[in-house]
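Colleague: If it helps, the file is called model02.cif and holds mmCIF, C-alpha atoms and all ligand atoms:
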```
data_my_file
#
loop_
_atom_site.label_atom_id
_atom_site.label_comp_id
_atom_site.auth_asym_id
_atom_site.auth_seq_id
_atom_site.Cartn_x
_atom_site.Cartn_y
_atom_site.Cartn_z
CA MET A 16 -55.55 -31.84 30.45
CA VAL A 17 -57.48 -29.60 32.85
CA GLU A 18 -55.80 -31.34 35.81
CA GLY A 19 -52.42 -30.45 34.34
CA ASN A 20 -53.48 -26.82 34.53
CA GLN A 21 -55.42 -27.05 37.79
CA LYS A 22 -52.34 -27.50 39.92
CA PHE A 23 -51.05 -24.09 38.86
CA THR A 24 -53.88 -22.12 40.44
CA VAL A 25 -52.96 -19.94 43.39
CA LYS A 26 -55.62 -21.71 45.45
CA ASN A 27 -53.90 -25.04 44.90
CA LEU A 28 -50.29 -23.83 45.12
CA PHE A 29 -50.85 -22.03 48.42
CA ASN A 30 -53.31 -24.40 50.02
CA VAL A 31 -52.90 -24.38 53.82
CA GLU A 32 -56.46 -25.37 54.65
CA ASP A 33 -56.62 -27.56 57.79
CA TRP A 34 -52.94 -27.00 58.54
CA ALA A 35 -51.81 -26.59 62.14
CA VAL A 36 -49.39 -23.71 62.58
CA VAL A 37 -47.58 -22.47 65.70
CA ILE A 38 -46.24 -18.91 65.79
CA THR A 39 -44.26 -17.63 68.76
CA GLY A 40 -44.72 -13.90 69.33
CA GLY A 41 -47.84 -14.20 67.17
CA ALA A 42 -49.97 -11.51 68.82
CA THR A 43 -48.22 -8.41 67.48
CA GLY A 44 -46.04 -7.13 64.64
CA ILE A 45 -44.67 -9.58 62.10
CA GLY A 46 -45.94 -12.64 64.00
CA LEU A 47 -49.51 -11.38 63.78
CA MET A 48 -49.10 -10.67 60.04
CA MET A 49 -47.96 -14.28 59.58
CA ALA A 50 -50.79 -15.61 61.75
CA GLN A 51 -53.37 -13.75 59.66
CA ALA A 52 -51.80 -15.05 56.44
CA PHE A 53 -52.33 -18.67 57.52
CA ALA A 54 -55.63 -18.29 59.39
CA ASN A 55 -57.34 -16.40 56.54
CA ASN A 56 -56.52 -19.35 54.31
CA GLY A 57 -58.01 -22.00 56.57
CA ALA A 58 -55.24 -22.94 59.02
CA ARG A 59 -55.54 -23.36 62.79
CA VAL A 60 -52.93 -20.98 64.08
CA TYR A 61 -51.66 -21.20 67.66
CA ILE A 62 -50.30 -17.81 68.66
CA THR A 63 -48.12 -17.66 71.72
CA SER A 64 -46.24 -15.06 73.78
CA ARG A 65 -45.91 -13.90 77.41
CA ARG A 66 -48.75 -11.34 77.66
CA GLN A 67 -52.09 -13.15 77.89
CA GLU A 68 -54.10 -9.96 77.28
CA SER A 69 -52.20 -9.19 74.09
CA LEU A 70 -52.85 -12.74 72.79
CA GLU A 71 -56.54 -12.51 73.62
CA GLN A 72 -56.79 -9.11 72.01
CA ALA A 73 -55.28 -10.42 68.77
CA ALA A 74 -57.50 -13.50 68.75
CA LYS A 75 -60.62 -11.46 69.49
CA THR A 76 -59.94 -8.66 67.01
CA TRP A 77 -58.70 -10.69 64.06
CA GLY A 78 -59.84 -14.25 64.81
CA SER A 79 -63.52 -13.33 64.83
CA SER A 80 -63.60 -11.98 61.27
CA LEU A 81 -61.41 -14.44 59.35
CA VAL A 82 -62.19 -14.84 55.66
CA HIS A 83 -61.86 -18.64 55.64
CA PRO A 84 -64.49 -20.52 57.69
CA LYS A 85 -61.97 -23.10 58.91
CA GLY A 86 -59.37 -20.55 59.99
CA LYS A 87 -58.67 -20.05 63.69
CA LEU A 88 -56.42 -17.95 65.91
CA ILE A 89 -55.87 -19.83 69.17
CA PRO A 90 -54.01 -18.02 71.97
CA ILE A 91 -51.76 -19.94 74.39
CA GLN A 92 -49.47 -18.15 76.79
CA ALA A 93 -45.80 -19.26 76.79
CA ASP A 94 -42.34 -17.86 77.42
CA ILE A 95 -39.71 -19.22 75.03
CA THR A 96 -36.90 -18.48 77.49
CA SER A 97 -38.35 -21.05 79.92
CA LYS A 98 -38.06 -24.77 79.16
CA PRO A 99 -41.04 -25.71 81.41
CA SER A 100 -43.13 -23.09 79.62
CA ILE A 101 -42.16 -24.49 76.21
CA GLU A 102 -42.95 -28.02 77.41
CA ASN A 103 -46.35 -26.86 78.60
CA LEU A 104 -47.02 -25.22 75.22
CA VAL A 105 -46.28 -28.49 73.41
CA LYS A 106 -48.47 -30.38 75.88
CA GLU A 107 -51.41 -27.99 75.34
CA ILE A 108 -51.15 -28.19 71.55
CA ARG A 109 -50.83 -31.99 71.66
CA LYS A 110 -54.32 -32.10 73.22
CA ASN A 111 -55.78 -30.91 69.89
CA GLU A 112 -53.24 -31.81 67.23
CA LYS A 113 -51.63 -35.04 66.00
CA CYS A 114 -49.06 -33.08 64.07
CA ILE A 115 -47.86 -29.55 63.32
CA ASP A 116 -47.32 -28.41 59.74
CA VAL A 117 -45.44 -25.19 60.47
CA LEU A 118 -43.54 -23.83 63.47
CA ILE A 119 -42.50 -20.21 63.16
CA ASN A 120 -39.88 -19.10 65.66
CA ASN A 121 -40.69 -15.41 65.58
CA ALA A 122 -40.67 -14.13 69.19
CA GLY A 123 -37.71 -11.83 69.58
CA ILE A 124 -36.47 -8.84 71.50
CA SER A 125 -34.12 -5.92 70.96
CA VAL A 126 -33.12 -4.04 74.09
CA GLY A 127 -30.66 -1.21 74.54
CA SER A 128 -28.60 0.53 71.90
CA SER A 129 -25.37 2.47 71.58
CA GLU A 130 -24.74 5.79 69.86
CA VAL A 131 -22.01 4.29 67.73
CA GLU A 132 -22.35 3.63 64.03
CA LYS A 133 -19.46 4.25 61.65
CA GLY A 134 -18.79 7.41 63.64
CA HIS A 135 -15.60 9.35 64.07
CA GLU A 136 -15.05 8.64 67.76
CA GLY A 137 -11.53 8.03 68.94
CA ALA A 138 -10.47 4.93 70.85
CA GLU A 139 -11.13 6.36 74.34
CA GLU A 140 -14.60 7.60 73.49
CA LEU A 141 -15.56 4.47 71.58
CA SER A 142 -14.30 2.21 74.33
CA LYS A 143 -16.21 4.14 76.99
CA GLU A 144 -19.44 4.13 75.03
CA LEU A 145 -19.36 0.44 74.18
CA PHE A 146 -18.01 -0.75 77.53
CA SER A 147 -20.95 0.91 79.23
CA GLU A 148 -23.31 -1.59 77.59
CA GLU A 149 -24.90 -3.96 80.10
CA GLN A 150 -23.79 -7.56 79.93
CA LYS A 151 -27.20 -8.69 81.16
CA LEU A 152 -28.93 -7.13 78.15
CA TRP A 153 -26.59 -9.04 75.81
CA GLU A 154 -27.56 -12.22 77.65
CA ASP A 155 -31.29 -11.41 77.55
CA VAL A 156 -31.24 -10.82 73.81
CA TYR A 157 -29.28 -14.01 73.15
CA ARG A 158 -31.50 -16.03 75.50
CA THR A 159 -34.62 -15.09 73.52
CA ASN A 160 -33.38 -14.68 69.94
CA VAL A 161 -31.13 -17.73 69.80
CA ILE A 162 -31.57 -20.08 72.76
CA GLY A 163 -35.37 -19.71 72.68
CA TYR A 164 -35.43 -20.67 68.98
CA PHE A 165 -33.31 -23.75 69.66
CA PHE A 166 -35.36 -25.15 72.53
CA THR A 167 -38.72 -24.36 70.95
CA THR A 168 -37.72 -26.18 67.76
CA VAL A 169 -36.40 -29.28 69.45
CA ALA A 170 -39.41 -29.48 71.79
CA PHE A 171 -41.78 -29.50 68.79
CA LEU A 172 -39.80 -32.07 66.77
CA PRO A 173 -42.08 -35.08 67.41
CA LEU A 174 -45.19 -33.09 66.41
CA LEU A 175 -43.42 -31.63 63.37
CA SER A 176 -42.02 -34.94 62.25
CA ALA A 177 -45.46 -36.54 62.60
CA ALA A 178 -46.67 -34.38 59.68
CA SER A 179 -44.76 -36.58 57.23
CA LYS A 180 -46.36 -39.69 58.70
CA VAL A 181 -49.92 -38.33 58.62
CA ARG A 182 -49.51 -37.23 54.98
CA PRO A 183 -46.72 -39.06 53.14
CA SER A 184 -44.66 -36.78 50.85
CA HIS A 185 -45.54 -33.84 53.10
CA THR A 186 -42.80 -32.31 55.24
CA ALA A 187 -43.39 -29.90 58.10
CA ALA A 188 -41.55 -26.59 58.04
CA VAL A 189 -39.70 -24.69 60.72
CA ILE A 190 -39.32 -21.05 59.73
CA ASN A 191 -37.02 -18.91 61.83
CA ASN A 192 -37.64 -15.19 61.77
CA THR A 193 -34.06 -13.89 61.84
CA SER A 194 -33.27 -10.45 60.38
CA MET A 195 -31.33 -8.53 57.79
CA SER A 196 -29.57 -7.24 60.94
CA GLY A 197 -27.88 -10.64 61.12
CA ILE A 198 -26.48 -10.15 57.59
CA THR A 199 -25.54 -6.46 57.25
CA ARG A 200 -22.06 -5.39 58.35
CA THR A 201 -23.61 -2.25 59.86
CA THR A 202 -24.24 -2.35 63.62
CA GLN A 203 -27.40 -0.22 63.31
CA HIS A 204 -26.64 1.02 66.85
CA HIS A 205 -27.35 -2.41 68.32
CA TYR A 206 -24.43 -4.83 68.33
CA LYS A 207 -26.11 -7.35 70.61
CA TYR A 208 -29.24 -7.69 68.49
CA ASN A 209 -27.28 -8.03 65.25
CA VAL A 210 -24.96 -10.62 66.78
CA SER A 211 -27.96 -12.59 68.05
CA LYS A 212 -29.55 -12.54 64.59
CA GLY A 213 -26.28 -13.65 62.95
CA ALA A 214 -26.25 -16.56 65.41
CA ALA A 215 -29.90 -17.33 64.64
CA ILE A 216 -29.04 -17.54 60.93
CA HIS A 217 -26.28 -20.04 61.66
CA LEU A 218 -28.61 -21.96 63.99
CA ASN A 219 -31.03 -22.10 61.05
CA THR A 220 -28.35 -23.68 58.86
CA LEU A 221 -27.35 -26.21 61.51
CA LEU A 222 -30.94 -27.21 62.26
CA ALA A 223 -31.66 -27.54 58.53
CA GLN A 224 -28.72 -29.90 58.24
CA GLU A 225 -29.73 -32.04 61.22
CA LEU A 226 -33.49 -32.17 60.82
CA ARG A 227 -33.53 -33.27 57.18
CA ARG A 228 -32.49 -36.77 58.38
CA PRO A 229 -34.88 -39.57 57.28
CA GLY A 230 -36.07 -40.24 60.83
CA VAL A 231 -37.20 -36.62 61.27
CA LYS A 232 -37.96 -35.14 57.80
CA VAL A 233 -38.44 -31.52 58.82
CA ARG A 234 -37.40 -28.61 56.59
CA VAL A 235 -35.83 -25.55 58.20
CA ASN A 236 -35.59 -22.12 56.58
CA SER A 237 -35.35 -18.54 57.69
CA VAL A 238 -36.83 -15.21 56.70
CA ALA A 239 -34.61 -12.19 57.30
CA PRO A 240 -36.93 -9.16 57.28
CA GLY A 241 -35.99 -5.55 56.76
CA ILE A 242 -37.96 -2.85 58.55
CA PHE A 243 -41.59 -3.77 59.29
CA PRO A 244 -44.07 -2.01 61.59
CA SER A 245 -44.22 -3.69 65.00
CA GLU A 246 -43.93 -3.00 68.70
CA MET A 247 -40.19 -3.53 68.31
CA THR A 248 -39.79 -0.84 65.66
CA THR A 249 -42.37 1.68 66.93
CA ASN A 250 -42.50 0.88 70.68
CA GLU A 251 -46.28 0.63 70.58
CA SER A 252 -49.34 -0.94 69.02
CA ASN A 253 -52.99 0.13 68.80
CA GLU A 254 -56.13 -1.57 70.15
CA ALA A 255 -55.97 -4.01 67.21
CA ASN A 256 -52.34 -4.92 68.10
CA LYS A 257 -51.12 -3.17 64.93
CA SER A 258 -48.25 -0.68 64.66
CA GLU A 259 -47.49 2.01 62.13
CA ILE A 260 -44.24 3.54 60.89
CA PRO A 261 -44.75 7.14 59.78
CA THR A 262 -43.24 7.71 56.35
CA ASP A 263 -42.84 10.55 53.88
CA GLU A 264 -41.39 10.79 50.38
CA SER A 265 -37.83 10.89 51.66
CA TYR A 266 -38.22 7.76 53.81
CA GLY A 267 -36.51 5.37 51.40
CA GLU A 268 -33.57 7.67 50.77
CA LYS A 269 -33.11 8.48 54.46
CA LYS A 270 -33.17 4.81 55.48
CA GLY A 271 -31.38 3.48 52.43
CA ILE A 272 -34.30 1.36 51.24
CA PRO A 273 -34.71 1.19 47.44
CA ALA A 274 -38.38 0.16 47.84
CA GLY A 275 -38.92 3.55 49.45
CA ARG A 276 -41.10 2.26 52.29
CA PRO A 277 -41.21 -0.12 55.25
CA GLY A 278 -42.37 -3.68 54.63
CA ALA A 279 -46.13 -4.21 54.32
CA GLU A 280 -48.30 -6.98 55.76
CA GLU A 281 -48.89 -8.39 52.27
CA ASP A 282 -45.12 -8.59 51.59
CA MET A 283 -44.66 -10.75 54.67
CA ALA A 284 -47.77 -12.84 54.00
CA GLN A 285 -46.69 -13.67 50.43
CA LEU A 286 -43.25 -14.86 51.47
CA ILE A 287 -44.22 -16.78 54.59
CA LEU A 288 -46.89 -18.76 52.74
CA SER A 289 -44.41 -19.58 49.96
CA MET A 290 -41.80 -20.76 52.45
CA ALA A 291 -44.35 -22.94 54.21
CA VAL A 292 -45.87 -24.62 51.15
CA ASN A 293 -42.76 -24.97 49.00
CA GLU A 294 -41.53 -28.42 49.96
CA TYR A 295 -38.38 -28.10 47.84
CA LEU A 296 -36.96 -25.29 49.99
CA TYR A 297 -34.26 -26.41 52.44
CA GLY A 298 -31.80 -24.54 54.64
CA GLN A 299 -32.25 -21.07 53.14
CA THR A 300 -32.28 -17.58 54.63
CA ILE A 301 -34.34 -15.25 52.47
CA ALA A 302 -33.97 -11.50 53.00
CA LEU A 303 -37.22 -9.55 52.63
CA ASP A 304 -35.85 -6.07 53.01
CA GLY A 305 -36.98 -3.79 50.16
CA GLY A 306 -33.37 -3.75 48.99
CA TYR A 307 -31.84 -2.53 52.29
CA LEU A 308 -28.95 -4.99 52.12
CA LEU A 309 -27.99 -3.74 48.67
CA GLU A 310 -27.37 -0.34 50.23
CA HIS A 311 -26.01 -1.69 53.53
CA PRO A 312 -24.16 -4.90 52.57
N1 LIG B 1 -40.03 -5.40 62.80
C1 LIG B 1 -38.90 -5.44 62.15
O1 LIG B 1 -38.51 -4.49 61.46
C2 LIG B 1 -38.06 -6.68 62.20
C3 LIG B 1 -37.02 -6.81 61.29
C4 LIG B 1 -36.29 -7.97 61.28
C5 LIG B 1 -36.57 -8.98 62.16
N2 LIG B 1 -37.58 -8.82 63.06
C6 LIG B 1 -37.86 -9.93 63.97
O2 LIG B 1 -39.23 -10.22 63.90
C7 LIG B 1 -39.63 -10.89 65.09
C8 LIG B 1 -40.92 -10.30 65.57
O3 LIG B 1 -40.68 -8.99 66.04
P1 LIG B 1 -41.59 -7.75 65.70
O4 LIG B 1 -40.76 -6.77 64.99
O5 LIG B 1 -42.85 -8.18 65.11
O6 LIG B 1 -41.78 -7.12 67.17
P2 LIG B 1 -42.90 -7.26 68.26
O7 LIG B 1 -44.17 -6.66 67.80
O8 LIG B 1 -42.28 -6.72 69.50
O9 LIG B 1 -43.11 -8.81 68.39
C9 LIG B 1 -42.30 -9.63 69.19
C10 LIG B 1 -43.20 -10.61 69.91
O10 LIG B 1 -42.40 -11.53 70.63
C11 LIG B 1 -43.02 -11.79 71.87
N3 LIG B 1 -41.99 -12.22 72.79
C12 LIG B 1 -40.88 -11.55 73.20
N4 LIG B 1 -40.18 -12.27 74.08
C13 LIG B 1 -40.85 -13.45 74.23
C14 LIG B 1 -40.64 -14.61 75.02
N5 LIG B 1 -39.61 -14.71 75.85
N6 LIG B 1 -41.52 -15.63 74.90
C15 LIG B 1 -42.58 -15.54 74.08
N7 LIG B 1 -42.84 -14.47 73.34
C16 LIG B 1 -41.99 -13.42 73.42
C17 LIG B 1 -43.66 -10.47 72.26
O11 LIG B 1 -44.81 -10.64 73.09
P3 LIG B 1 -44.71 -10.63 74.69
O12 LIG B 1 -43.95 -9.40 75.07
O13 LIG B 1 -46.13 -10.63 75.12
O14 LIG B 1 -43.99 -11.89 75.08
C18 LIG B 1 -44.10 -9.93 70.92
O15 LIG B 1 -45.43 -10.31 70.62
C19 LIG B 1 -38.45 -10.76 66.05
O16 LIG B 1 -37.70 -11.95 66.07
C20 LIG B 1 -37.64 -9.65 65.43
O17 LIG B 1 -36.29 -9.72 65.80
C21 LIG B 1 -38.32 -7.70 63.11
#
```
Produce structure tokens that represent the structure in this file.
Modeller:
Amino acid sequence: MVEGNQKFTVKNLFNVEDWAVVITGGATGIGLMMAQAFANNGARVYITSRRQESLEQAAKTWGSSLVHPKGKLIPIQADITSKPSIENLVKEIRKNEKCIDVLINNAGISVGSSEVEKGHEGAEELSKELFSEEQKLWEDVYRTNVIGYFFTTVAFLPLLSAASKVRPSHTAAVINNTSMSGITRTTQHHYKYNVSKGAAIHLNTLLAQELRRPGVKVRVNSVAPGIFPSEMTTNESNEANKSEIPTDESYGEKKGIPAGRPGAEEDMAQLILSMAVNEYLYGQTIALDGGYLLEHP
């Protein structure tokens, strides 16, 4: 009878000990929160992004004091907009791992914004403002937030698929960090970012459909965060690679967030672990937004 109860313990339900996890953009912001969630519970977490010093800083600061003795933060430099760089990343990880349990496509950018949001501009003014946006920035955002997710996922497929062969009944998970910005009908001053995130959500659905096939057996889901502290949202991070969003009592009302605050590290950690370990979850996009989308559908 005890065994029938044992499986319901948090330790058993969220067991990621000895898992191999890859997180793009894992040295700062949301990626680092996710990396700490896995590594503090015994996973080997490969964090990857373009700035070597930022990766090393994250690994040194947080990897040296992990709560679980088996946990690791392992930095490897890679640029997800470059196919050779992605190939090299897979090659490096293959040296140590027979399979990957979780790939989190998290690295993303948001560049440039417009002044327009449900304003009262006339056609001339609106046209001028929006036409002045740079085409190249649209391409840069799409290249990272959509194309980078696609090529990273397909490059890791053999290692991901191998997880179900190493442990039968286990399926590896791809988790795409998309955004509530890909769901809301509000431009939030950045059309290009929101369009890229909408595309990433559809990419998530298409990959989920294709990768469930018996010869691959990989689950694909997406988390669509609301506002979380990161370099993207605050333009900076401290010596521990952490960022902070200043808030006051009116924050929730001003931003239209029923939770009244930005997302916290624990909020992200709880969801990302659930999405990784829950092997019945297929093809979903889960908004983690403190209720933002209820106010900005
Ligand atoms: N924070 C939020 O409120 C929020 C809300 C919804 C969704 N998101 C999404 O969450 C993800 C993480 O962003 P964040 O908010 O945590 O911001 P962040 O702190 O700026 O993290 C983004 C990370 O991506 C890396 N990166 C960017 N381009 C890359 C490339 N070409 N190759 C490899 N790595 C690259 C960056 O490192 P390098 O510059 O060193 O490469 C950085 O570590 C993004 O996809 C973002 O769109 C964020």
Colleague: Closest to ligand LIG 1 (chain B) among A:Pro312, A:Pro229, A:Pro99, A:Gly278, using only C-alpha atoms and all ligand atoms?
Modeller: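 Counting only C-alpha atoms and all ligand atoms, the residue closest to ligand LIG 1 (chain B) is A:Gly278.
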Colleague: List all protein, DNA and RNA residues that have at least one atom no more than 6 Å from any atom of ligand LIG 1 (chain B), counting all atoms listed in the file, and write them as a PyMOL selection string.
Modeller: chain A and resi 39-46+64-66+93-96+121-124+159+192-194+240-248
Colleague: Mind writing the picked residues with C-alpha atoms as a short mmCIF file (atom, residue, chain, number, x, y, z; two decimals), in the frame of the given file?
Modeller:
```
data_model
loop_
_atom_site.label_atom_id
_atom_site.label_comp_id
_atom_site.auth_asym_id
_atom_site.auth_seq_id
_atom_site.Cartn_x
_atom_site.Cartn_y
_atom_site.Cartn_z
CA THR A 39 -44.26 -17.63 68.76
CA GLY A 40 -44.72 -13.90 69.33
CA GLY A 41 -47.84 -14.20 67.17
CA ALA A 42 -49.97 -11.51 68.82
CA THR A 43 -48.22 -8.41 67.48
CA GLY A 44 -46.04 -7.13 64.64
CA ILE A 45 -44.67 -9.58 62.10
CA GLY A 46 -45.94 -12.64 64.00
CA SER A 64 -46.24 -15.06 73.78
CA ARG A 65 -45.91 -13.90 77.41
CA ARG A 66 -48.75 -11.34 77.66
CA ALA A 93 -45.80 -19.26 76.79
CA ASP A 94 -42.34 -17.86 77.42
CA ILE A 95 -39.71 -19.22 75.03
CA THR A 96 -36.90 -18.48 77.49
CA ASN A 121 -40.69 -15.41 65.58
CA ALA A 122 -40.67 -14.13 69.19
CA GLY A 123 -37.71 -11.83 69.58
CA ILE A 124 -36.47 -8.84 71.50
CA THR A 159 -34.62 -15.09 73.52
CA ASN A 192 -37.64 -15.19 61.77
CA THR A 193 -34.06 -13.89 61.84
CA SER A 194 -33.27 -10.45 60.38
CA PRO A 240 -36.93 -9.16 57.28
CA GLY A 241 -35.99 -5.55 56.76
CA ILE A 242 -37.96 -2.85 58.55
CA PHE A 243 -41.59 -3.77 59.29
CA PRO A 244 -44.07 -2.01 61.59
CA SER A 245 -44.22 -3.69 65.00
CA GLU A 246 -43.93 -3.00 68.70
CA MET A 247 -40.19 -3.53 68.31
CA THR A 248 -39.79 -0.84 65.66
#
```
Colleague: I'd like the neighbourhood of Glu149 (chain A) as a list of chain:residue names, where a residue qualifies if any of its atoms comes within 12 Å (using all atoms listed in the file), though same-chain residues fewer than 3 positions away should be ignored.
Modeller: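 Surrounding residues, per the criterion: A:Val126, A:Gly127, A:Ser128, A:Ser129, A:Glu144, A:Leu145, A:Phe146, A:Leu152, A:Trp153, A:Glu154, A:Asp155, A:Val156, A:Tyr206, A:Lys207.
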Colleague: Give me, as a Markdown table, the closest atom pair and its distance (Å, one decimal) for every residue of region 64-126 of chain A within a cut-off of 12 Å of region 287-306 of chain A, counting all atoms listed in the file, rows sorted by chain and rising number.
Modeller:
```
| residue | atom | partner | partner_atom | distance |
| --- | --- | --- | --- | --- |
| A:Ile115 | CA | A:Ala291 | CA | 11.8 |
| A:Asp116 | CA | A:Ala291 | CA | 8.3 |
| A:Val117 | CA | A:Ala291 | CA | 6.7 |
| A:Leu118 | CA | A:Ala291 | CA | 9.3 |
| A:Ile119 | CA | A:Ile287 | CA | 9.4 |
| A:Asn121 | CA | A:Ile287 | CA | 11.6 |
```
Colleague: Write a file of the selected residues as a short mmCIF file (atom, residue, chain, number, x, y, z; two decimals), in the coordinates of the input, keeping C-alpha atoms.
Modeller:
```cif
data_model
loop_
_atom_site.label_atom_id
_atom_site.label_comp_id
_atom_site.auth_asym_id
_atom_site.auth_seq_id
_atom_site.Cartn_x
_atom_site.Cartn_y
_atom_site.Cartn_z
CA ILE A 115 -47.86 -29.55 63.32
CA ASP A 116 -47.32 -28.41 59.74
CA VAL A 117 -45.44 -25.19 60.47
CA LEU A 118 -43.54 -23.83 63.47
CA ILE A 119 -42.50 -20.21 63.16
CA ASN A 121 -40.69 -15.41 65.58
#
```
Colleague: Mind listing as a ChimeraX atom specification all residues within 9 Å of (-48.8, -30.9, 61.5), counting all atoms listed in the file?
Modeller: /A:34-36,112-117,174-179,181,186-187
Colleague: Could you save those same residues with C-alpha atoms as a PDB file, in the frame of the given file?
Modeller:
```pdb
ATOM      1  CA  TRP A  34     -52.940 -27.000  58.540  1.00  0.00           C
ATOM      2  CA  ALA A  35     -51.810 -26.590  62.140  1.00  0.00           C
ATOM      3  CA  VAL A  36     -49.390 -23.710  62.580  1.00  0.00           C
ATOM      4  CA  GLU A 112     -53.240 -31.810  67.230  1.00  0.00           C
ATOM      5  CA  LYS A 113     -51.630 -35.040  66.000  1.00  0.00           C
ATOM      6  CA  CYS A 114     -49.060 -33.080  64.070  1.00  0.00           C
ATOM      7  CA  ILE A 115     -47.860 -29.550  63.320  1.00  0.00           C
ATOM      8  CA  ASP A 116     -47.320 -28.410  59.740  1.00  0.00           C
ATOM      9  CA  VAL A 117     -45.440 -25.190  60.470  1.00  0.00           C
ATOM     10  CA  LEU A 174     -45.190 -33.090  66.410  1.00  0.00           C
ATOM     11  CA  LEU A 175     -43.420 -31.630  63.370  1.00  0.00           C
ATOM     12  CA  SER A 176     -42.020 -34.940  62.250  1.00  0.00           C
ATOM     13  CA  ALA A 177     -45.460 -36.540  62.600  1.00  0.00           C
ATOM     14  CA  ALA A 178     -46.670 -34.380  59.680  1.00  0.00           C
ATOM     15  CA  SER A 179     -44.760 -36.580  57.230  1.00  0.00           C
ATOM     16  CA  VAL A 181     -49.920 -38.330  58.620  1.00  0.00           C
ATOM     17  CA  THR A 186     -42.800 -32.310  55.240  1.00  0.00           C
ATOM     18  CA  ALA A 187     -43.390 -29.900  58.100  1.00  0.00           C
TER      19      ALA A 187
END
```
Colleague: Rank A:Leu308, A:Val169, A:Leu222, A:Met49 by their smallest atom-to-atom distance to Ile198 (chain A), using all atoms listed in the file, and report the top residue only.
Modeller: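 Among A:Leu308, A:Val169, A:Leu222, A:Met49, it is A:Leu308 that comes nearest to Ile198 (chain A).
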Colleague: Give me the residues within 9 Å of Pro84 (chain A) as a VMD selection string, counting all atoms listed in the file and dropping any in the same chain fewer than 3 places off.
Modeller: chain A and resid 55 to 57 81 87
Colleague: CA of Lys22 (chain A) and CA of Asn191 (chain A), how far apart in Å?
Modeller: 28.1 Å
Colleague: Would you mind reading off the distance between CA of Gly267 (chain A) and CA of Asp282 (chain A), one decimal, in Å?
Modeller: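 Rounded to one decimal, the two atoms are 16.4 Å apart.
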Colleague: Around the point (-43.7, 2.1, 57.4) in the file's coordinates, collect all residues with an atom within 6 Å, using all atoms listed in the file, and return them as a PyMOL selection string.
Modeller: chain A and resi 244+260-262+276-277
Colleague: Quick one: write out the picked residues with C-alpha atoms as a PDB file, in the coordinates of the input?
Modeller:
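And here's result26.pdb as it stands now:
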```pdb
ATOM      1  CA  PRO A 244     -44.070  -2.010  61.590  1.00  0.00           C
ATOM      2  CA  ILE A 260     -44.240   3.540  60.890  1.00  0.00           C
ATOM      3  CA  PRO A 261     -44.750   7.140  59.780  1.00  0.00           C
ATOM      4  CA  THR A 262     -43.240   7.710  56.350  1.00  0.00           C
ATOM      5  CA  ARG A 276     -41.100   2.260  52.290  1.00  0.00           C
ATOM      6  CA  PRO A 277     -41.210  -0.120  55.250  1.00  0.00           C
TER       7      PRO A 277
END
```
Colleague: Kindly give the distance, in Å, that separates CA of Ile91 (chain A) and CA of Arg109 (chain A), rounded to a single decimal.
Modeller: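 Interatomic distance here is 12.4 Å.
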Colleague: Taking all listed atoms of region 39-55 of chain A, build the axis-aligned box, pad each of the six sides by 6 Å, then write its centre and edge lengths in Å to one decimal as AutoDock Vina command-line options.
Modeller:
```
--center_x -50.8 --center_y -12.9 --center_z 62.9 --size_x 25.1 --size_y 23.5 --size_z 24.9
```
Colleague: Taking only C-alpha atoms into account, which of A:Leu226, A:Ala255, A:Ile190, A:Leu286 comes nearest Glu68 (chain A)?
Modeller: A:Ala255
Colleague: Restricting the calculation to only C-alpha atoms: of A:Gly197, A:Pro173, A:Gly137, A:Pro183, which residue gets closest to Asn160 (chain A)?
Modeller: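 Smallest separation from Asn160 (chain A) among the options: A:Gly197.
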Colleague: Restricting the calculation to all atoms listed in the file: of A:Phe166, A:His83, A:Ala58, A:Gly134, which residue gets closest to Glu102 (chain A)?
Modeller: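 Among A:Phe166, A:His83, A:Ala58, A:Gly134, it is A:Phe166 that comes nearest to Glu102 (chain A).
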Colleague: Which residue, A:Gly213, A:Thr202, A:Thr76, A:Met283, has the smallest gap to Val131 (chain A) when you use only C-alpha atoms?
Modeller: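 Smallest distance to Val131 (chain A) is found for A:Thr202.
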Colleague: Just region 151-157 of chain A from the block, N, CA and C atoms, as an mmCIF file, in the first residue's frame, could you?
Modeller:
```cif
data_model
loop_
_atom_site.group_PDB
_atom_site.id
_atom_site.type_symbol
_atom_site.label_atom_id
_atom_site.label_comp_id
_atom_site.auth_asym_id
_atom_site.auth_seq_id
_atom_site.Cartn_x
_atom_site.Cartn_y
_atom_site.Cartn_z
ATOM 1 N N LYS A 151 15.368 45.076 -41.636
ATOM 2 C CA LYS A 151 16.410 44.163 -41.133
ATOM 3 C C LYS A 151 16.095 43.694 -39.701
ATOM 4 N N LEU A 152 15.527 44.611 -38.898
ATOM 5 C CA LEU A 152 15.212 44.225 -37.525
ATOM 6 C C LEU A 152 14.101 43.158 -37.495
ATOM 7 N N TRP A 153 13.132 43.300 -38.420
ATOM 8 C CA TRP A 153 12.089 42.263 -38.531
ATOM 9 C C TRP A 153 12.749 40.920 -38.834
ATOM 10 N N GLU A 154 13.711 40.956 -39.760
ATOM 11 C CA GLU A 154 14.377 39.709 -40.164
ATOM 12 C C GLU A 154 15.207 39.131 -39.010
ATOM 13 N N ASP A 155 15.901 40.021 -38.283
ATOM 14 C CA ASP A 155 16.728 39.551 -37.159
ATOM 15 C C ASP A 155 15.870 38.846 -36.106
ATOM 16 N N VAL A 156 14.745 39.463 -35.781
ATOM 17 C CA VAL A 156 13.874 38.901 -34.747
ATOM 18 C C VAL A 156 13.326 37.542 -35.198
ATOM 19 N N TYR A 157 12.910 37.471 -36.448
ATOM 20 C CA TYR A 157 12.362 36.213 -36.973
ATOM 21 C C TYR A 157 13.445 35.130 -37.024
#
```
